[in-house]
file work_19.cif (mmCIF, C-alpha atoms and all ligand atoms)
data_target
loop_
_atom_site.label_atom_id
_atom_site.label_comp_id
_atom_site.auth_asym_id
_atom_site.auth_seq_id
_atom_site.Cartn_x
_atom_site.Cartn_y
_atom_site.Cartn_z
CA MET A 1 0.00 0.00 0.00
CA ILE A 2 1.24 3.47 -0.81
CA VAL A 3 -0.28 6.81 0.16
CA VAL A 4 0.32 9.72 -2.21
CA LYS A 5 -0.36 13.26 -1.02
CA VAL A 6 -0.44 15.85 -3.79
CA GLY A 7 0.10 19.37 -2.54
CA GLY A 8 -1.91 22.42 -3.34
CA ALA A 9 0.82 24.86 -4.20
CA GLU A 10 1.27 26.48 -7.61
CA GLY A 11 2.73 24.35 -10.41
CA ILE A 12 1.44 20.86 -9.59
CA ASN A 13 1.06 18.67 -12.70
CA TYR A 14 -2.23 16.90 -11.90
CA GLU A 15 -2.34 15.22 -15.32
CA ALA A 16 1.02 13.58 -14.72
CA VAL A 17 0.01 12.50 -11.21
CA ALA A 18 -3.22 10.92 -12.49
CA LYS A 19 -1.48 9.18 -15.40
CA ASP A 20 1.20 7.78 -13.15
CA ALA A 21 -1.30 6.70 -10.48
CA ALA A 22 -3.37 4.95 -13.17
CA THR A 23 -0.37 3.03 -14.52
CA LEU A 24 0.64 1.84 -11.07
CA TRP A 25 -2.97 1.01 -10.18
CA ASN A 26 -3.35 -1.08 -13.33
CA GLU A 27 -0.17 -2.92 -12.42
CA GLY A 28 -1.91 -3.96 -9.20
CA GLN A 29 -0.40 -1.39 -6.82
CA ARG A 30 -2.85 -0.55 -4.01
CA LEU A 31 -2.81 3.18 -3.48
CA ILE A 32 -4.78 6.05 -2.03
CA LEU A 33 -4.47 9.67 -3.09
CA VAL A 34 -4.82 12.60 -0.70
CA HIS A 35 -4.71 16.17 -1.98
CA GLY A 36 -4.46 19.78 -0.89
CA GLY A 37 -5.71 22.96 -2.51
CA SER A 38 -4.25 25.88 -0.60
CA SER A 39 -3.27 28.21 -3.43
CA GLU A 40 -6.57 27.71 -5.27
CA THR A 41 -8.45 28.37 -2.00
CA ASN A 42 -6.52 31.60 -1.50
CA ARG A 43 -7.38 32.75 -5.01
CA ILE A 44 -11.07 31.98 -4.71
CA ALA A 45 -11.33 33.42 -1.20
CA GLU A 46 -9.88 36.69 -2.56
CA ALA A 47 -12.34 36.65 -5.44
CA LEU A 48 -15.24 36.13 -3.03
CA GLY A 49 -14.12 39.07 -0.92
CA HIS A 50 -13.07 36.95 2.05
CA PRO A 51 -9.27 36.99 1.76
CA PRO A 52 -7.29 34.34 3.64
CA GLN A 53 -5.83 35.12 7.02
CA PHE A 54 -3.10 33.13 8.68
CA LEU A 55 -2.20 32.84 12.34
CA THR A 56 1.35 32.40 13.56
CA HIS A 57 1.49 30.09 16.55
CA PRO A 58 3.97 30.20 19.41
CA GLY A 59 6.79 28.06 18.03
CA GLY A 60 6.57 29.58 14.58
CA LEU A 61 4.15 27.35 12.67
CA THR A 62 1.33 29.05 10.83
CA SER A 63 -2.22 27.95 10.00
CA ARG A 64 -5.24 29.25 8.14
CA LEU A 65 -7.74 31.10 10.30
CA THR A 66 -10.93 29.15 9.64
CA ASP A 67 -14.20 30.84 10.47
CA ARG A 68 -17.44 29.36 9.15
CA LYS A 69 -17.25 31.25 5.84
CA THR A 70 -13.63 30.22 5.28
CA LEU A 71 -14.59 26.62 5.98
CA GLU A 72 -17.31 26.84 3.33
CA ILE A 73 -14.92 28.27 0.74
CA PHE A 74 -12.39 25.63 1.74
CA GLU A 75 -15.01 22.90 1.12
CA MET A 76 -15.99 24.39 -2.25
CA VAL A 77 -12.42 24.28 -3.46
CA TYR A 78 -11.07 21.12 -1.85
CA CYS A 79 -14.12 18.84 -2.05
CA GLY A 80 -15.46 20.40 -5.23
CA LEU A 81 -12.97 21.86 -7.64
CA VAL A 82 -9.75 20.06 -6.79
CA ASN A 83 -11.19 16.69 -5.76
CA LYS A 84 -13.39 16.41 -8.84
CA ARG A 85 -10.56 17.55 -11.13
CA ILE A 86 -8.42 14.67 -9.89
CA VAL A 87 -11.29 12.16 -10.00
CA GLU A 88 -12.06 13.21 -13.59
CA LEU A 89 -8.43 12.86 -14.66
CA LEU A 90 -8.29 9.35 -13.17
CA GLN A 91 -11.60 8.42 -14.79
CA ARG A 92 -10.18 9.56 -18.13
CA GLU A 93 -7.29 7.18 -17.53
CA GLY A 94 -9.79 4.37 -17.00
CA VAL A 95 -9.47 4.17 -13.21
CA ASN A 96 -12.68 4.05 -11.20
CA ALA A 97 -11.79 6.74 -8.67
CA VAL A 98 -14.09 7.79 -5.83
CA GLY A 99 -13.60 11.23 -4.30
CA LEU A 100 -14.41 11.61 -0.62
CA SER A 101 -13.67 14.14 2.07
CA GLY A 102 -12.73 13.30 5.63
CA LEU A 103 -16.34 14.07 6.58
CA ASP A 104 -17.72 11.27 4.45
CA GLY A 105 -17.99 8.10 6.47
CA ARG A 106 -15.83 9.84 9.11
CA ILE A 107 -12.75 8.92 7.12
CA PHE A 108 -10.61 11.52 8.91
CA GLU A 109 -11.68 12.10 12.49
CA GLY A 110 -10.13 14.36 15.09
CA ARG A 111 -10.59 16.83 17.89
CA ARG A 112 -11.78 20.33 17.09
CA LYS A 113 -9.45 22.97 18.43
CA ASP A 114 -11.74 25.95 18.70
CA ALA A 115 -9.36 28.05 20.79
CA VAL A 116 -6.10 28.63 18.99
CA LYS A 117 -3.08 30.38 20.47
CA TYR A 118 -1.32 32.83 18.20
CA ILE A 119 1.26 35.56 18.31
CA GLU A 120 0.49 39.18 17.53
CA ASN A 121 3.01 41.97 18.07
CA GLY A 122 5.05 39.63 20.25
CA LYS A 123 2.09 38.81 22.52
CA ILE A 124 0.30 35.49 22.87
CA LYS A 125 -3.40 35.80 22.09
CA ILE A 126 -6.28 33.36 21.80
CA HIS A 127 -8.58 33.11 18.80
CA ARG A 128 -11.90 31.36 19.47
CA GLY A 129 -14.51 29.85 17.18
CA ASP A 130 -12.03 28.32 14.76
CA TYR A 131 -13.00 25.24 12.74
CA THR A 132 -9.67 23.45 12.79
CA GLY A 133 -8.26 20.29 14.25
CA THR A 134 -5.86 17.43 13.77
CA VAL A 135 -6.68 13.98 12.45
CA GLU A 136 -6.39 11.31 15.15
CA ARG A 137 -8.38 8.45 13.67
CA VAL A 138 -8.92 7.05 10.20
CA ASN A 139 -11.83 4.91 8.99
CA THR A 140 -9.68 2.25 7.35
CA ALA A 141 -12.62 -0.18 7.22
CA LEU A 142 -14.47 2.01 4.72
CA LEU A 143 -11.32 2.51 2.64
CA GLY A 144 -10.75 -1.24 2.67
CA LEU A 145 -14.24 -1.82 1.24
CA LEU A 146 -13.55 0.57 -1.62
CA LEU A 147 -10.10 -0.79 -2.40
CA ASP A 148 -11.29 -4.41 -2.26
CA ALA A 149 -14.06 -3.55 -4.70
CA GLY A 150 -11.60 -1.94 -7.12
CA TYR A 151 -12.18 1.76 -6.41
CA LEU A 152 -9.29 4.18 -5.98
CA PRO A 153 -10.06 6.58 -3.09
CA VAL A 154 -9.19 10.25 -3.62
CA LEU A 155 -9.34 11.92 -0.22
CA THR A 156 -9.35 15.51 0.92
CA PRO A 157 -9.76 17.61 4.05
CA PRO A 158 -11.86 18.72 5.89
CA ALA A 159 -11.94 16.15 8.65
CA ILE A 160 -14.79 15.61 11.09
CA SER A 161 -14.70 16.39 14.80
CA TYR A 162 -15.89 13.90 17.42
CA GLN A 163 -18.99 16.14 17.71
CA GLY A 164 -19.66 15.87 14.00
CA GLU A 165 -18.43 19.31 12.88
CA ALA A 166 -16.36 19.84 9.75
CA ILE A 167 -12.83 20.92 10.65
CA ASN A 168 -10.06 22.25 8.47
CA THR A 169 -7.10 19.99 8.88
CA ASP A 170 -3.58 19.75 7.56
CA GLY A 171 -3.48 17.46 4.52
CA ASP A 172 0.05 16.23 5.16
CA THR A 173 -0.82 15.17 8.70
CA ALA A 174 -4.02 13.50 7.50
CA ALA A 175 -2.03 11.58 4.88
CA ALA A 176 0.55 10.61 7.49
CA MET A 177 -2.14 9.32 9.86
CA LEU A 178 -3.65 7.38 6.99
CA ALA A 179 -0.30 5.85 6.04
CA ARG A 180 0.27 4.85 9.67
CA ALA A 181 -3.20 3.38 10.05
CA LEU A 182 -2.69 1.30 6.93
CA GLY A 183 0.92 0.38 7.71
CA ALA A 184 1.84 1.74 4.27
CA GLU A 185 5.20 0.86 2.77
CA ALA A 186 5.57 4.43 1.53
CA LEU A 187 4.08 7.87 2.01
CA LEU A 188 4.85 10.25 -0.85
CA LEU A 189 4.42 13.96 -0.22
CA LEU A 190 4.49 15.55 -3.67
CA SER A 191 4.82 19.30 -3.95
CA ASN A 192 6.16 22.06 -6.20
CA VAL A 193 9.75 21.61 -5.09
CA PRO A 194 12.16 18.68 -5.72
CA GLY A 195 12.23 17.90 -1.98
CA LEU A 196 13.76 19.49 1.09
CA LEU A 197 16.28 22.07 -0.07
CA ALA A 198 19.26 22.92 2.10
CA ASN A 199 19.34 26.34 0.54
CA PHE A 200 15.77 27.15 -0.46
CA PRO A 201 14.89 28.01 -3.28
CA ASP A 202 18.11 26.70 -4.87
CA GLU A 203 16.92 23.42 -6.36
CA SER A 204 20.45 22.08 -6.72
CA SER A 205 20.73 22.00 -2.91
CA LEU A 206 18.40 19.00 -2.56
CA ILE A 207 18.87 16.95 0.61
CA ARG A 208 18.69 13.33 -0.53
CA GLU A 209 18.09 11.60 2.77
CA ILE A 210 17.07 12.34 6.34
CA PRO A 211 17.65 9.59 8.87
CA ALA A 212 14.53 9.77 11.06
CA GLU A 213 16.53 9.63 14.27
CA ARG A 214 18.60 12.66 13.19
CA ALA A 215 15.82 14.81 11.76
CA GLY A 216 16.21 17.36 14.55
CA ASP A 217 19.78 18.11 13.47
CA PRO A 218 20.29 21.70 12.29
CA GLN A 219 21.05 20.71 8.69
CA TYR A 220 17.52 19.32 8.35
CA LEU A 221 14.92 21.10 10.45
CA ALA A 222 16.58 24.49 10.51
CA VAL A 223 16.47 24.80 6.71
CA ALA A 224 12.77 24.01 6.53
CA GLN A 225 10.67 27.15 6.59
CA GLY A 226 6.97 27.62 7.16
CA ARG A 227 4.89 24.67 6.09
CA MET A 228 7.97 22.66 5.16
CA LYS A 229 8.88 22.42 8.84
CA LYS A 230 5.52 20.83 9.62
CA LYS A 231 6.07 18.41 6.75
CA VAL A 232 9.46 17.26 8.01
CA LEU A 233 8.15 16.81 11.56
CA GLY A 234 5.16 14.88 10.23
CA ALA A 235 7.38 12.65 8.10
CA VAL A 236 9.53 11.72 11.06
CA GLU A 237 6.47 10.88 13.10
CA ALA A 238 5.10 8.71 10.29
CA VAL A 239 8.34 6.72 10.04
CA ARG A 240 8.40 6.30 13.81
CA GLY A 241 4.79 5.14 13.57
CA GLY A 242 5.72 2.30 11.22
CA VAL A 243 5.49 3.76 7.71
CA GLY A 244 8.28 2.23 5.59
CA ARG A 245 9.56 5.50 4.22
CA VAL A 246 8.41 9.02 3.47
CA VAL A 247 9.54 10.74 0.29
CA PHE A 248 9.25 14.46 -0.46
CA GLY A 249 8.95 14.44 -4.22
CA ASP A 250 8.32 16.77 -7.13
CA ALA A 251 4.76 16.96 -8.52
CA ARG A 252 5.70 19.16 -11.48
CA ILE A 253 7.46 16.43 -13.45
CA GLU A 254 6.31 13.52 -15.59
CA ARG A 255 5.83 10.24 -13.71
CA PRO A 256 6.05 11.98 -10.32
CA ILE A 257 4.89 8.99 -8.25
CA ARG A 258 7.30 6.54 -9.80
CA ALA A 259 10.16 9.01 -9.46
CA ALA A 260 9.47 9.42 -5.74
CA LEU A 261 9.16 5.65 -5.28
CA GLU A 262 12.56 5.29 -6.93
CA GLY A 263 13.99 7.68 -4.38
CA GLN A 264 14.05 10.92 -6.38
CA GLY A 265 13.52 13.63 -3.80
CA THR A 266 14.19 13.62 -0.07
CA VAL A 267 13.80 10.23 1.56
CA VAL A 268 13.06 9.96 5.29
CA ARG A 269 13.59 6.49 6.74
P1 LIG B 1 1.83 21.77 -0.58
O1 LIG B 1 0.59 22.57 -0.50
O2 LIG B 1 2.22 21.40 -1.96
O3 LIG B 1 1.87 20.63 0.38
P2 LIG B 1 3.43 23.59 0.96
O4 LIG B 1 3.28 25.00 0.51
O5 LIG B 1 2.79 23.14 2.17
O6 LIG B 1 3.05 22.68 -0.28
O7 LIG B 1 4.97 23.23 1.13
C1 LIG B 1 5.88 23.31 0.06
C2 LIG B 1 6.56 24.64 0.10
O8 LIG B 1 7.49 24.72 1.19
C3 LIG B 1 7.41 24.93 -1.11
O9 LIG B 1 6.64 25.43 -2.18
C4 LIG B 1 8.40 25.97 -0.58
O10 LIG B 1 7.94 27.26 -0.89
C5 LIG B 1 8.37 25.82 0.94
N1 LIG B 1 9.69 25.58 1.58
C6 LIG B 1 10.14 26.21 2.69
N2 LIG B 1 11.37 25.78 3.03
C7 LIG B 1 11.73 24.85 2.14
C8 LIG B 1 12.90 24.05 1.96
N3 LIG B 1 13.96 24.11 2.79
N4 LIG B 1 12.93 23.18 0.93
C9 LIG B 1 11.87 23.09 0.09
N5 LIG B 1 10.75 23.84 0.19
C10 LIG B 1 10.66 24.72 1.20
#

call {"tool": "encode", "arguments": {"input": "work_19.cif", "output": "structure tokens"}}
result
Amino acid sequence: MIVVKVGGAEGINYEAVAKDAATLWNEGQRLILVHGGSSETNRIAEALGHPPQFLTHPGGLTSRLTDRKTLEIFEMVYCGLVNKRIVELLQREGVNAVGLSGLDGRIFEGRRKDAVKYIENGKIKIHRGDYTGTVERVNTALLGLLLDAGYLPVLTPPAISYQGEAINTDGDTAAAMLARALGAEALLLLSNVPGLLANFPDESSLIREIPAERAGDPQYLAVAQGRMKKKVLGAVEAVRGGVGRVVFGDARIERPIRAALEGQGTVVR
């Protein structure tokens, strides 16, 4: 089993991802796709007059402020536009893909964090009423039914809270929880960069391998900025949780899944 997460940043080659997934699928490879949609969400939120806002948490990580309206825009883009684009591309390749969000069948379940700490002008503040949370449980039984019946699941945030509310959740973490729950041999995090770059954005400075037990070393974590830091931390946790390996690969190239499986990118093991 492999889990492939396709990012939502600018430049992703969805056609190539779908083609590659279809070839592997037809060769008998069990796989699940998870996707993002952040840049498209930002664009549409702007167009709808509800521009994105991000909170910086103590510790430096950032996240999208998700009020009810943001959540609705998020659902439009992730569950609608991006999910159906990928499902259509797979269907064109002859793969019977089924697009589902974490809400459907409680595929991604977690705790809602409605009070979020953030930093403003050097002070710690609390934002309440947020619809965010982290995936803690995965409905692998439902996914097993689909896979056994020959359907390729294409999954997307939001997740569902234990109280049944939709919550915005980080796609990389959701994919990592999924890979752990399934004991996947590989988790591929495909994005618009060749992998973790020692000297971002210099693409020739690709770090080829991160030994999970040394991920905290300055040459790895310190070079990862913003969302990349979360990705590296998540990858390490996935490997510790039993996932065979995590690869940060390039989703702009032809055959992006196969390339990552062959070790092109940054491999965490
Ligand atoms: P996605 O939505 O595709 O998952 P993210 O925006 O979450 O993508 O993360 C990928 C981004 O991380 C890259 O586009 C890049 O701008 C940024 N980044 C920050 N530091 C690094 C680094 N050291 N190496 C590679 N990318 C980095």

call {"tool": "atom_distance", "arguments": {"input": "work_19.cif", "atom1": "atom CA of A:Asp172", "atom2": "atom CA of A:Leu189"}}
result
7.3 Å

call {"tool": "residues_around", "arguments": {"input": "work_19.cif", "residues": "A:Pro157", "least_positions_apart": "3", "cutoff": "10 Å", "atoms": "all atoms listed in the file", "output": "PyMOL selection string"}}
result
chain A and resi 34-37+74-75+78-79+83+100-103+107-108+135+160+166-172+174-175

call {"tool": "write_last_selection", "arguments": {"input": "work_19.cif", "atoms": "C-alpha atoms", "output": "compact mmCIF listing (two decimals), in the coordinates of the input"}}
result
# COMPACT_ATOMS: atom_id res chain seq x y z
CA VAL A 34 -4.82 12.60 -0.70
CA HIS A 35 -4.71 16.17 -1.98
CA GLY A 36 -4.46 19.78 -0.89
CA GLY A 37 -5.71 22.96 -2.51
CA PHE A 74 -12.39 25.63 1.74
CA GLU A 75 -15.01 22.90 1.12
CA TYR A 78 -11.07 21.12 -1.85
CA CYS A 79 -14.12 18.84 -2.05
CA ASN A 83 -11.19 16.69 -5.76
CA LEU A 100 -14.41 11.61 -0.62
CA SER A 101 -13.67 14.14 2.07
CA GLY A 102 -12.73 13.30 5.63
CA LEU A 103 -16.34 14.07 6.58
CA ILE A 107 -12.75 8.92 7.12
CA PHE A 108 -10.61 11.52 8.91
CA VAL A 135 -6.68 13.98 12.45
CA ILE A 160 -14.79 15.61 11.09
CA ALA A 166 -16.36 19.84 9.75
CA ILE A 167 -12.83 20.92 10.65
CA ASN A 168 -10.06 22.25 8.47
CA THR A 169 -7.10 19.99 8.88
CA ASP A 170 -3.58 19.75 7.56
CA GLY A 171 -3.48 17.46 4.52
CA ASP A 172 0.05 16.23 5.16
CA ALA A 174 -4.02 13.50 7.50
CA ALA A 175 -2.03 11.58 4.88

call {"tool": "closest_residue", "arguments": {"input": "work_19.cif", "among": "A:Asn121, A:Asn42, A:Thr132, A:Thr56", "to": "ligand LIG 1 (chain B)", "atoms": "only C-alpha atoms and all ligand atoms"}}
result
A:Asn42

call {"tool": "atom_distance", "arguments": {"input": "work_19.cif", "atom1": "atom CA of A:Arg252", "atom2": "atom CA of A:Arg208"}}
result
18.0 Å

call {"tool": "closest_atom_pairs", "arguments": {"input": "work_19.cif", "of": "chain A", "to": "ligand LIG 1 (chain B)", "cutoff": "10 Å", "atoms": "only C-alpha atoms and all ligand atoms", "output": "Markdown table"}}
result
| residue | atom | partner | partner_atom | distance |
| --- | --- | --- | --- | --- |
| A:Lys5 | CA | B:LIG1 | O3 | 7.8 |
| A:Val6 | CA | B:LIG1 | O2 | 6.4 |
| A:Gly7 | CA | B:LIG1 | O2 | 3.0 |
| A:Gly8 | CA | B:LIG1 | O1 | 3.8 |
| A:Ala9 | CA | B:LIG1 | O2 | 4.4 |
| A:Glu10 | CA | B:LIG1 | O2 | 7.7 |
| A:Gly11 | CA | B:LIG1 | O2 | 9.0 |
| A:Ile12 | CA | B:LIG1 | O2 | 7.7 |
| A:His35 | CA | B:LIG1 | O3 | 8.3 |
| A:Gly36 | CA | B:LIG1 | O1 | 5.8 |
| A:Gly37 | CA | B:LIG1 | O1 | 6.6 |
| A:Ser38 | CA | B:LIG1 | O1 | 5.9 |
| A:Ser39 | CA | B:LIG1 | O1 | 7.4 |
| A:Asp170 | CA | B:LIG1 | O5 | 9.0 |
| A:Gly171 | CA | B:LIG1 | O3 | 7.5 |
| A:Asp172 | CA | B:LIG1 | O3 | 6.7 |
| A:Leu189 | CA | B:LIG1 | O3 | 7.2 |
| A:Leu190 | CA | B:LIG1 | O2 | 6.5 |
| A:Ser191 | CA | B:LIG1 | O2 | 3.9 |
| A:Asn192 | CA | B:LIG1 | O9 | 5.3 |
| A:Val193 | CA | B:LIG1 | C3 | 5.7 |
| A:Pro194 | CA | B:LIG1 | C9 | 7.3 |
| A:Gly195 | CA | B:LIG1 | C9 | 5.6 |
| A:Leu196 | CA | B:LIG1 | N4 | 3.8 |
| A:Leu197 | CA | B:LIG1 | N4 | 3.7 |
| A:Ala198 | CA | B:LIG1 | N3 | 5.5 |
| A:Asn199 | CA | B:LIG1 | N3 | 6.2 |
| A:Phe200 | CA | B:LIG1 | N3 | 4.8 |
| A:Pro201 | CA | B:LIG1 | C9 | 6.7 |
| A:Asp202 | CA | B:LIG1 | N4 | 8.5 |
| A:Glu203 | CA | B:LIG1 | C9 | 8.2 |
| A:Ser205 | CA | B:LIG1 | N4 | 8.8 |
| A:Leu206 | CA | B:LIG1 | N4 | 7.7 |
| A:Ile207 | CA | B:LIG1 | N4 | 8.6 |
| A:Gln219 | CA | B:LIG1 | N3 | 9.8 |
| A:Tyr220 | CA | B:LIG1 | N3 | 8.2 |
| A:Leu221 | CA | B:LIG1 | N3 | 8.3 |
| A:Ala222 | CA | B:LIG1 | N3 | 8.2 |
| A:Val223 | CA | B:LIG1 | N3 | 4.7 |
| A:Ala224 | CA | B:LIG1 | N3 | 3.9 |
| A:Gln225 | CA | B:LIG1 | N2 | 3.9 |
| A:Gly226 | CA | B:LIG1 | C6 | 5.7 |
| A:Arg227 | CA | B:LIG1 | O5 | 4.7 |
| A:Met228 | CA | B:LIG1 | O8 | 4.5 |
| A:Lys229 | CA | B:LIG1 | N2 | 7.2 |
| A:Lys230 | CA | B:LIG1 | O5 | 8.3 |
| A:Lys231 | CA | B:LIG1 | O5 | 7.4 |
| A:Val232 | CA | B:LIG1 | N3 | 9.7 |
| A:Phe248 | CA | B:LIG1 | C9 | 9.0 |
| A:Gly249 | CA | B:LIG1 | O2 | 9.9 |
| A:Asp250 | CA | B:LIG1 | O2 | 9.2 |
| A:Ala251 | CA | B:LIG1 | O2 | 8.3 |
| A:Thr266 | CA | B:LIG1 | N4 | 9.7 |

call {"tool": "residues_around", "arguments": {"input": "work_19.cif", "residues": "A:Asp67", "least_positions_apart": "6", "cutoff": "8 Å", "atoms": "all atoms listed in the file", "output": "number ranges by chain"}}
result
A: 129-131

call {"tool": "closest_residue", "arguments": {"input": "work_19.cif", "among": "A:Arg137, A:Leu261, A:Ile119, A:Val3", "to": "A:Ser63", "atoms": "only C-alpha atoms"}}
result
A:Ile119

call {"tool": "closest_residue", "arguments": {"input": "work_19.cif", "among": "A:Arg111, A:Pro218, A:Val243, A:Ile253", "to": "A:Gln163", "atoms": "all atoms listed in the file"}}
result
A:Arg111

call {"tool": "atom_distance", "arguments": {"input": "work_19.cif", "atom1": "atom CA of A:Ala159", "atom2": "atom CA of A:Glu109"}}
result
5.6 Å

call {"tool": "closest_residue", "arguments": {"input": "work_19.cif", "among": "A:Thr41, A:Gln53, A:Asn96, A:Ser161", "to": "A:Ile73", "atoms": "all atoms listed in the file"}}
result
A:Thr41

call {"tool": "axis_aligned_box", "arguments": {"input": "work_19.cif", "around": "stretch 49-57 of chain A", "padding_each_side": "8 Å", "output": "AutoDock Vina command-line options"}}
result
--center_x -6.3 --center_y 34.6 --center_z 7.8 --size_x 31.6 --size_y 25.0 --size_z 33.5
